[in-house]
Structures are given as C-alpha cells and as structure tokens.
$ cat protein_13.cif   # mmCIF, N, CA and C atoms and all ligand atoms
data_query
loop_
_atom_site.label_atom_id
_atom_site.label_comp_id
_atom_site.auth_asym_id
_atom_site.auth_seq_id
_atom_site.Cartn_x
_atom_site.Cartn_y
_atom_site.Cartn_z
N MET T 115 -11.08 3.52 -16.45
CA MET T 115 -12.25 2.75 -16.02
C MET T 115 -11.86 1.43 -15.35
N THR T 116 -10.77 0.85 -15.78
CA THR T 116 -10.40 -0.46 -15.22
C THR T 116 -10.19 -0.38 -13.71
N GLU T 117 -9.79 0.79 -13.23
CA GLU T 117 -9.57 0.93 -11.79
C GLU T 117 -10.84 0.65 -10.98
N LEU T 118 -11.95 1.02 -11.54
CA LEU T 118 -13.22 0.82 -10.85
C LEU T 118 -13.57 -0.66 -10.71
N LEU T 119 -13.01 -1.46 -11.60
CA LEU T 119 -13.34 -2.88 -11.59
C LEU T 119 -12.30 -3.71 -10.85
N GLU T 120 -11.44 -3.01 -10.15
CA GLU T 120 -10.38 -3.74 -9.48
C GLU T 120 -10.40 -3.47 -7.98
N THR T 121 -10.32 -4.53 -7.19
CA THR T 121 -10.23 -4.39 -5.75
C THR T 121 -8.81 -4.75 -5.35
N GLN T 122 -8.18 -3.86 -4.63
CA GLN T 122 -6.79 -4.14 -4.24
C GLN T 122 -6.69 -4.65 -2.81
N LEU T 123 -6.10 -5.80 -2.73
CA LEU T 123 -5.89 -6.45 -1.44
C LEU T 123 -4.40 -6.30 -1.11
N THR T 124 -4.09 -5.94 0.13
CA THR T 124 -2.66 -5.85 0.47
C THR T 124 -2.14 -7.25 0.79
N VAL T 125 -0.85 -7.39 0.73
CA VAL T 125 -0.24 -8.69 1.01
C VAL T 125 -0.55 -9.11 2.46
N GLU T 126 -0.60 -8.14 3.34
CA GLU T 126 -0.93 -8.44 4.74
C GLU T 126 -2.35 -8.99 4.87
N GLU T 127 -3.26 -8.40 4.10
CA GLU T 127 -4.64 -8.87 4.15
C GLU T 127 -4.73 -10.30 3.60
N LEU T 128 -3.99 -10.55 2.55
CA LEU T 128 -3.97 -11.89 1.98
C LEU T 128 -3.42 -12.89 3.00
N GLU T 129 -2.37 -12.51 3.67
CA GLU T 129 -1.77 -13.40 4.67
C GLU T 129 -2.74 -13.65 5.83
N ALA T 130 -3.48 -12.63 6.22
CA ALA T 130 -4.46 -12.78 7.30
C ALA T 130 -5.53 -13.81 6.90
N ILE T 131 -6.01 -13.70 5.67
CA ILE T 131 -7.01 -14.63 5.16
C ILE T 131 -6.45 -16.05 5.10
N ARG T 132 -5.20 -16.13 4.66
CA ARG T 132 -4.57 -17.45 4.54
C ARG T 132 -4.48 -18.14 5.92
N LEU T 133 -4.00 -17.40 6.90
CA LEU T 133 -3.82 -17.98 8.23
C LEU T 133 -5.14 -18.34 8.90
N ARG T 134 -6.08 -17.41 8.83
CA ARG T 134 -7.34 -17.61 9.55
C ARG T 134 -8.31 -18.52 8.79
N ASP T 135 -8.49 -18.28 7.52
CA ASP T 135 -9.53 -18.98 6.79
C ASP T 135 -9.05 -20.25 6.08
N LEU T 136 -7.79 -20.29 5.71
CA LEU T 136 -7.30 -21.52 5.08
C LEU T 136 -6.66 -22.45 6.10
N GLU T 137 -5.76 -21.90 6.90
CA GLU T 137 -5.11 -22.75 7.89
C GLU T 137 -5.96 -22.90 9.15
N GLU T 138 -6.98 -22.10 9.26
CA GLU T 138 -7.93 -22.14 10.37
C GLU T 138 -7.27 -22.04 11.75
N LEU T 139 -6.32 -21.14 11.84
CA LEU T 139 -5.66 -20.92 13.12
C LEU T 139 -6.54 -20.02 13.99
N GLU T 140 -6.32 -20.09 15.30
CA GLU T 140 -7.05 -19.20 16.20
C GLU T 140 -6.56 -17.77 15.99
N TYR T 141 -7.41 -16.81 16.31
CA TYR T 141 -7.05 -15.40 16.15
C TYR T 141 -5.70 -15.08 16.81
N GLU T 142 -5.56 -15.60 18.04
CA GLU T 142 -4.35 -15.33 18.80
C GLU T 142 -3.10 -15.80 18.04
N GLU T 143 -3.21 -16.99 17.47
CA GLU T 143 -2.08 -17.56 16.73
C GLU T 143 -1.78 -16.77 15.46
N CYS T 144 -2.84 -16.39 14.77
CA CYS T 144 -2.68 -15.60 13.54
C CYS T 144 -1.95 -14.31 13.86
N ALA T 145 -2.40 -13.64 14.92
CA ALA T 145 -1.81 -12.37 15.31
C ALA T 145 -0.33 -12.56 15.63
N GLN T 146 -0.04 -13.65 16.34
CA GLN T 146 1.35 -13.93 16.70
C GLN T 146 2.20 -14.17 15.46
N LYS T 147 1.66 -14.96 14.52
CA LYS T 147 2.42 -15.28 13.32
C LYS T 147 2.71 -14.03 12.48
N MET T 148 1.81 -13.08 12.53
CA MET T 148 2.04 -11.87 11.76
C MET T 148 2.70 -10.79 12.61
N SER T 149 2.99 -11.14 13.85
CA SER T 149 3.61 -10.20 14.80
C SER T 149 2.83 -8.89 14.92
N VAL T 150 1.51 -9.03 15.00
CA VAL T 150 0.69 -7.85 15.25
C VAL T 150 -0.19 -8.16 16.46
N SER T 151 -0.80 -7.12 17.01
CA SER T 151 -1.68 -7.35 18.15
C SER T 151 -2.98 -7.95 17.63
N ARG T 152 -3.74 -8.56 18.53
CA ARG T 152 -5.01 -9.16 18.15
C ARG T 152 -5.98 -8.16 17.53
N PRO T 153 -6.13 -6.98 18.14
CA PRO T 153 -7.03 -5.99 17.51
C PRO T 153 -6.56 -5.59 16.11
N THR T 154 -5.26 -5.49 15.93
CA THR T 154 -4.73 -5.14 14.60
C THR T 154 -5.03 -6.25 13.61
N PHE T 155 -4.82 -7.49 14.06
CA PHE T 155 -5.12 -8.61 13.17
C PHE T 155 -6.60 -8.60 12.78
N HIS T 156 -7.44 -8.34 13.76
CA HIS T 156 -8.88 -8.29 13.50
C HIS T 156 -9.20 -7.22 12.46
N ARG T 157 -8.59 -6.06 12.60
CA ARG T 157 -8.82 -4.97 11.67
C ARG T 157 -8.38 -5.37 10.25
N ILE T 158 -7.23 -6.04 10.16
CA ILE T 158 -6.71 -6.46 8.86
C ILE T 158 -7.67 -7.46 8.20
N ILE T 159 -8.12 -8.45 8.97
CA ILE T 159 -8.94 -9.49 8.35
C ILE T 159 -10.35 -8.99 8.00
N VAL T 160 -10.88 -8.08 8.81
CA VAL T 160 -12.19 -7.50 8.49
C VAL T 160 -12.11 -6.75 7.17
N SER T 161 -11.04 -5.99 7.03
CA SER T 161 -10.83 -5.23 5.80
C SER T 161 -10.66 -6.17 4.60
N ALA T 162 -9.91 -7.24 4.81
CA ALA T 162 -9.67 -8.21 3.73
C ALA T 162 -10.97 -8.87 3.28
N ARG T 163 -11.77 -9.30 4.25
CA ARG T 163 -13.03 -9.98 3.92
C ARG T 163 -13.99 -9.05 3.20
N LYS T 164 -14.00 -7.79 3.62
CA LYS T 164 -14.87 -6.82 2.99
C LYS T 164 -14.47 -6.61 1.53
N LYS T 165 -13.18 -6.54 1.29
CA LYS T 165 -12.69 -6.36 -0.07
C LYS T 165 -13.01 -7.57 -0.94
N ILE T 166 -12.84 -8.76 -0.35
CA ILE T 166 -13.11 -9.98 -1.11
C ILE T 166 -14.60 -10.08 -1.42
N ALA T 167 -15.42 -9.77 -0.42
CA ALA T 167 -16.87 -9.80 -0.63
C ALA T 167 -17.26 -8.81 -1.71
N ASN T 168 -16.68 -7.65 -1.66
CA ASN T 168 -16.96 -6.62 -2.66
C ASN T 168 -16.57 -7.10 -4.06
N ALA T 169 -15.44 -7.75 -4.15
CA ALA T 169 -14.98 -8.25 -5.46
C ALA T 169 -15.94 -9.32 -5.99
N LEU T 170 -16.40 -10.19 -5.10
CA LEU T 170 -17.31 -11.26 -5.51
C LEU T 170 -18.67 -10.69 -5.93
N VAL T 171 -19.20 -9.82 -5.09
CA VAL T 171 -20.53 -9.28 -5.34
C VAL T 171 -20.55 -8.36 -6.56
N ASN T 172 -19.53 -7.53 -6.67
CA ASN T 172 -19.51 -6.59 -7.77
C ASN T 172 -18.72 -7.06 -8.99
N GLY T 173 -18.20 -8.27 -8.88
CA GLY T 173 -17.50 -8.85 -10.02
C GLY T 173 -16.23 -8.13 -10.41
N SER T 174 -15.57 -7.53 -9.42
CA SER T 174 -14.32 -6.85 -9.76
C SER T 174 -13.13 -7.80 -9.58
N ALA T 175 -12.05 -7.47 -10.19
CA ALA T 175 -10.86 -8.30 -10.09
C ALA T 175 -10.17 -8.03 -8.77
N LEU T 176 -9.59 -9.05 -8.20
CA LEU T 176 -8.83 -8.89 -6.97
C LEU T 176 -7.36 -8.81 -7.33
N ARG T 177 -6.71 -7.80 -6.82
CA ARG T 177 -5.29 -7.70 -7.09
C ARG T 177 -4.55 -7.53 -5.78
N VAL T 178 -3.48 -8.24 -5.64
CA VAL T 178 -2.70 -8.13 -4.41
C VAL T 178 -1.54 -7.17 -4.65
N THR T 179 -1.49 -6.16 -3.80
CA THR T 179 -0.47 -5.14 -4.00
C THR T 179 0.25 -4.78 -2.72
N GLY T 180 1.36 -4.14 -2.90
CA GLY T 180 2.07 -3.45 -1.83
C GLY T 180 2.30 -4.26 -0.57
N GLY T 181 2.20 -3.60 0.55
CA GLY T 181 2.51 -4.23 1.80
C GLY T 181 4.02 -4.35 1.91
N ASN T 182 4.48 -4.69 3.06
CA ASN T 182 5.94 -4.83 3.19
C ASN T 182 6.24 -6.24 3.66
N PHE T 183 5.52 -7.14 3.07
CA PHE T 183 5.59 -8.53 3.46
C PHE T 183 6.20 -9.35 2.35
N ASP T 184 7.03 -10.28 2.69
CA ASP T 184 7.52 -11.25 1.74
C ASP T 184 6.99 -12.58 2.26
N LEU T 185 6.11 -13.19 1.52
CA LEU T 185 5.42 -14.37 2.06
C LEU T 185 6.24 -15.65 2.07
N ALA T 186 7.35 -15.65 1.36
CA ALA T 186 8.19 -16.84 1.39
C ALA T 186 8.81 -16.95 2.78
N LYS T 187 9.00 -18.18 3.23
CA LYS T 187 9.62 -18.35 4.54
C LYS T 187 11.12 -18.57 4.39
N TYR T 188 11.87 -17.94 5.26
CA TYR T 188 13.31 -18.08 5.24
C TYR T 188 13.79 -18.53 6.60
N GLU T 189 14.98 -19.13 6.58
CA GLU T 189 15.58 -19.45 7.86
C GLU T 189 16.24 -18.17 8.36
N LEU T 190 15.92 -17.78 9.58
CA LEU T 190 16.45 -16.56 10.15
C LEU T 190 17.28 -16.89 11.39
N ALA T 191 18.25 -16.05 11.65
CA ALA T 191 19.09 -16.25 12.83
C ALA T 191 19.10 -14.97 13.65
N CYS T 192 18.88 -15.12 14.93
CA CYS T 192 18.88 -13.97 15.83
C CYS T 192 20.32 -13.60 16.17
N ARG T 193 20.66 -12.32 16.03
CA ARG T 193 22.02 -11.87 16.34
C ARG T 193 22.22 -11.68 17.84
N VAL T 194 21.13 -11.68 18.58
CA VAL T 194 21.24 -11.46 20.01
C VAL T 194 21.42 -12.77 20.77
N CYS T 195 20.52 -13.73 20.53
CA CYS T 195 20.60 -14.98 21.31
C CYS T 195 21.01 -16.18 20.46
N GLY T 196 21.15 -15.99 19.14
CA GLY T 196 21.61 -17.08 18.29
C GLY T 196 20.53 -18.07 17.88
N HIS T 197 19.30 -17.82 18.28
CA HIS T 197 18.21 -18.71 17.93
C HIS T 197 17.97 -18.73 16.42
N HIS T 198 17.70 -19.91 15.88
CA HIS T 198 17.34 -20.03 14.47
C HIS T 198 15.87 -20.39 14.35
N TRP T 199 15.18 -19.76 13.43
CA TRP T 199 13.79 -20.12 13.21
C TRP T 199 13.41 -19.81 11.78
N GLU T 200 12.24 -20.29 11.39
CA GLU T 200 11.78 -20.06 10.04
C GLU T 200 10.60 -19.12 10.07
N ASP T 201 10.64 -18.09 9.24
CA ASP T 201 9.57 -17.11 9.31
C ASP T 201 9.46 -16.36 7.99
N ILE T 202 8.33 -15.69 7.82
CA ILE T 202 8.23 -14.77 6.71
C ILE T 202 8.99 -13.52 7.13
N ILE T 203 9.42 -12.74 6.18
CA ILE T 203 10.18 -11.55 6.53
C ILE T 203 9.33 -10.30 6.39
N CYS T 204 9.23 -9.60 7.48
CA CYS T 204 8.59 -8.31 7.45
C CYS T 204 9.50 -7.43 8.30
N CYS T 205 10.20 -6.51 7.66
CA CYS T 205 11.25 -5.76 8.35
C CYS T 205 10.80 -5.11 9.66
N ARG T 206 9.63 -4.54 9.65
CA ARG T 206 9.19 -3.84 10.86
C ARG T 206 8.77 -4.81 11.96
N ARG T 207 8.31 -5.99 11.55
CA ARG T 207 7.62 -6.83 12.54
C ARG T 207 8.27 -8.16 12.88
N THR T 208 9.18 -8.62 12.04
CA THR T 208 9.78 -9.91 12.33
C THR T 208 10.69 -9.80 13.55
N ARG T 209 10.41 -10.62 14.53
CA ARG T 209 11.21 -10.60 15.75
C ARG T 209 11.58 -12.01 16.15
N CYS T 210 12.69 -12.13 16.85
CA CYS T 210 13.11 -13.42 17.36
C CYS T 210 12.03 -13.95 18.32
N PRO T 211 11.56 -15.18 18.09
CA PRO T 211 10.51 -15.71 18.96
C PRO T 211 10.99 -15.99 20.38
N VAL T 212 12.30 -16.08 20.56
CA VAL T 212 12.83 -16.39 21.89
C VAL T 212 13.07 -15.12 22.71
N CYS T 213 13.85 -14.19 22.16
CA CYS T 213 14.20 -13.01 22.96
C CYS T 213 13.52 -11.73 22.48
N LYS T 214 12.71 -11.84 21.42
CA LYS T 214 11.94 -10.70 20.90
C LYS T 214 12.79 -9.60 20.27
N ALA T 215 14.06 -9.88 20.06
CA ALA T 215 14.91 -8.87 19.42
C ALA T 215 14.55 -8.78 17.95
N ASN T 216 14.70 -7.57 17.38
CA ASN T 216 14.48 -7.51 15.94
C ASN T 216 15.81 -7.37 15.20
N ASP T 217 16.85 -7.81 15.86
CA ASP T 217 18.16 -7.84 15.25
C ASP T 217 18.46 -9.27 14.78
N TRP T 218 18.13 -9.48 13.51
CA TRP T 218 18.28 -10.84 12.97
C TRP T 218 18.81 -10.76 11.55
N CYS T 219 19.21 -11.88 11.02
CA CYS T 219 19.63 -11.90 9.62
C CYS T 219 19.14 -13.17 8.97
N LYS T 220 19.11 -13.13 7.67
CA LYS T 220 18.69 -14.28 6.89
C LYS T 220 19.86 -15.25 6.78
N VAL T 221 19.56 -16.53 6.97
CA VAL T 221 20.61 -17.53 6.85
C VAL T 221 20.60 -18.06 5.42
N ASN T 222 21.75 -18.00 4.80
CA ASN T 222 21.83 -18.53 3.44
C ASN T 222 22.05 -20.03 3.49
N THR T 223 21.11 -20.73 2.90
CA THR T 223 21.22 -22.19 2.96
C THR T 223 21.58 -22.75 1.59
ZN ZN T 301 16.92 -13.99 19.97
#
$ encode --input "protein_13.cif" --output "structure tokens"
Amino acid sequence: MTELLETQLTVEELEAIRLRDLEELEYEECAQKMSVSRPTFHRIIVSARKKIANALVNGSALRVTGGNFDLAKYELACRVCGHHWEDIICCRRTRCPVCKANDWCKVNT
C-alpha cells in the first residue's frame, strides 16, 4: 500500500525544477546546463511539476530515485582540448563546453 502514497521523482526532474524554479534560469540555459535539448528539458520539467502537484494534492510522499545524474559538481578536464570546467556528472550527457567532446575525466583536487 505504501507505494500508492509515494510519488517518485527522478534526479533529472529534481535538477530541472532546481534550475528553472529555484535558480530561475531561462529555459535555454536550463537545457544547456543539463545538456539536453529545449524540448527535452520542457518534457522533463512538465513531468516533474505534475508529479510534485500530484504529491501535494494527494498528500503522497515525494521520493527522488534513479536517474544517471550525480548532482555534486566536480572539476572536469577535457582530454581533447584540455579545457577545465566545473559541472555535474552525467555520463551520457556531460560534454566539454568548449569543443563538445565527451572525452573528459574528473580532476582530483
Ligand atoms: Zn574540450
């Protein structure tokens, strides 16, 4: 029964809400930060808001699950152009902001 009272939010949805609704960034910027297209970002945030609304209205618990996102920011180094930047790590989507390569590594500080 507890499953019925729980709404599961993905880490990506949480990040979308954080960028758009807390940091109040423009859609374009949010999409860029998450390395997704604008329509994809829109789809993620619509889904997130619906889940949150559902949790509020129906009094269910919100739980953040899954996703392939690590929300902590790390210093990353591009193996192609040597650029260093700080970003969240998402294996499929994190790309060098300069040359767009996805060949990067985490810098141990
Ligand atoms: Zn690069």
$ closest_residue --input "protein_13.cif" --among "T:Ala191, T:Cys213, T:Leu123, T:Ala162" --to "ligand ZN 301 (chain T)" --atoms "only C-alpha atoms and all ligand atoms"
T:Cys213
$ atom_distance --input "protein_13.cif" --atom1 "CA of Ser149 (chain T)" --atom2 "atom N of Cys192 (chain T)"
16.0 Å
$ atom_distance --input "protein_13.cif" --atom1 "atom C of Asn168 (chain T)" --atom2 "atom N of Val125 (chain T)"
16.4 Å
$ residues_near_point --input "protein_13.cif" --point "(20.9, -18.6, 6.7)" --cutoff "7 Å" --atoms "only N, CA and C atoms" --output "list in words"
Glu189, Leu190, Ala191, Cys219, Lys220, Val221, Asn222 and Thr223 of chain T
$ atom_distance --input "protein_13.cif" --atom1 "CA of His156 (chain T)" --atom2 "atom N of Pro211 (chain T)"
22.1 Å
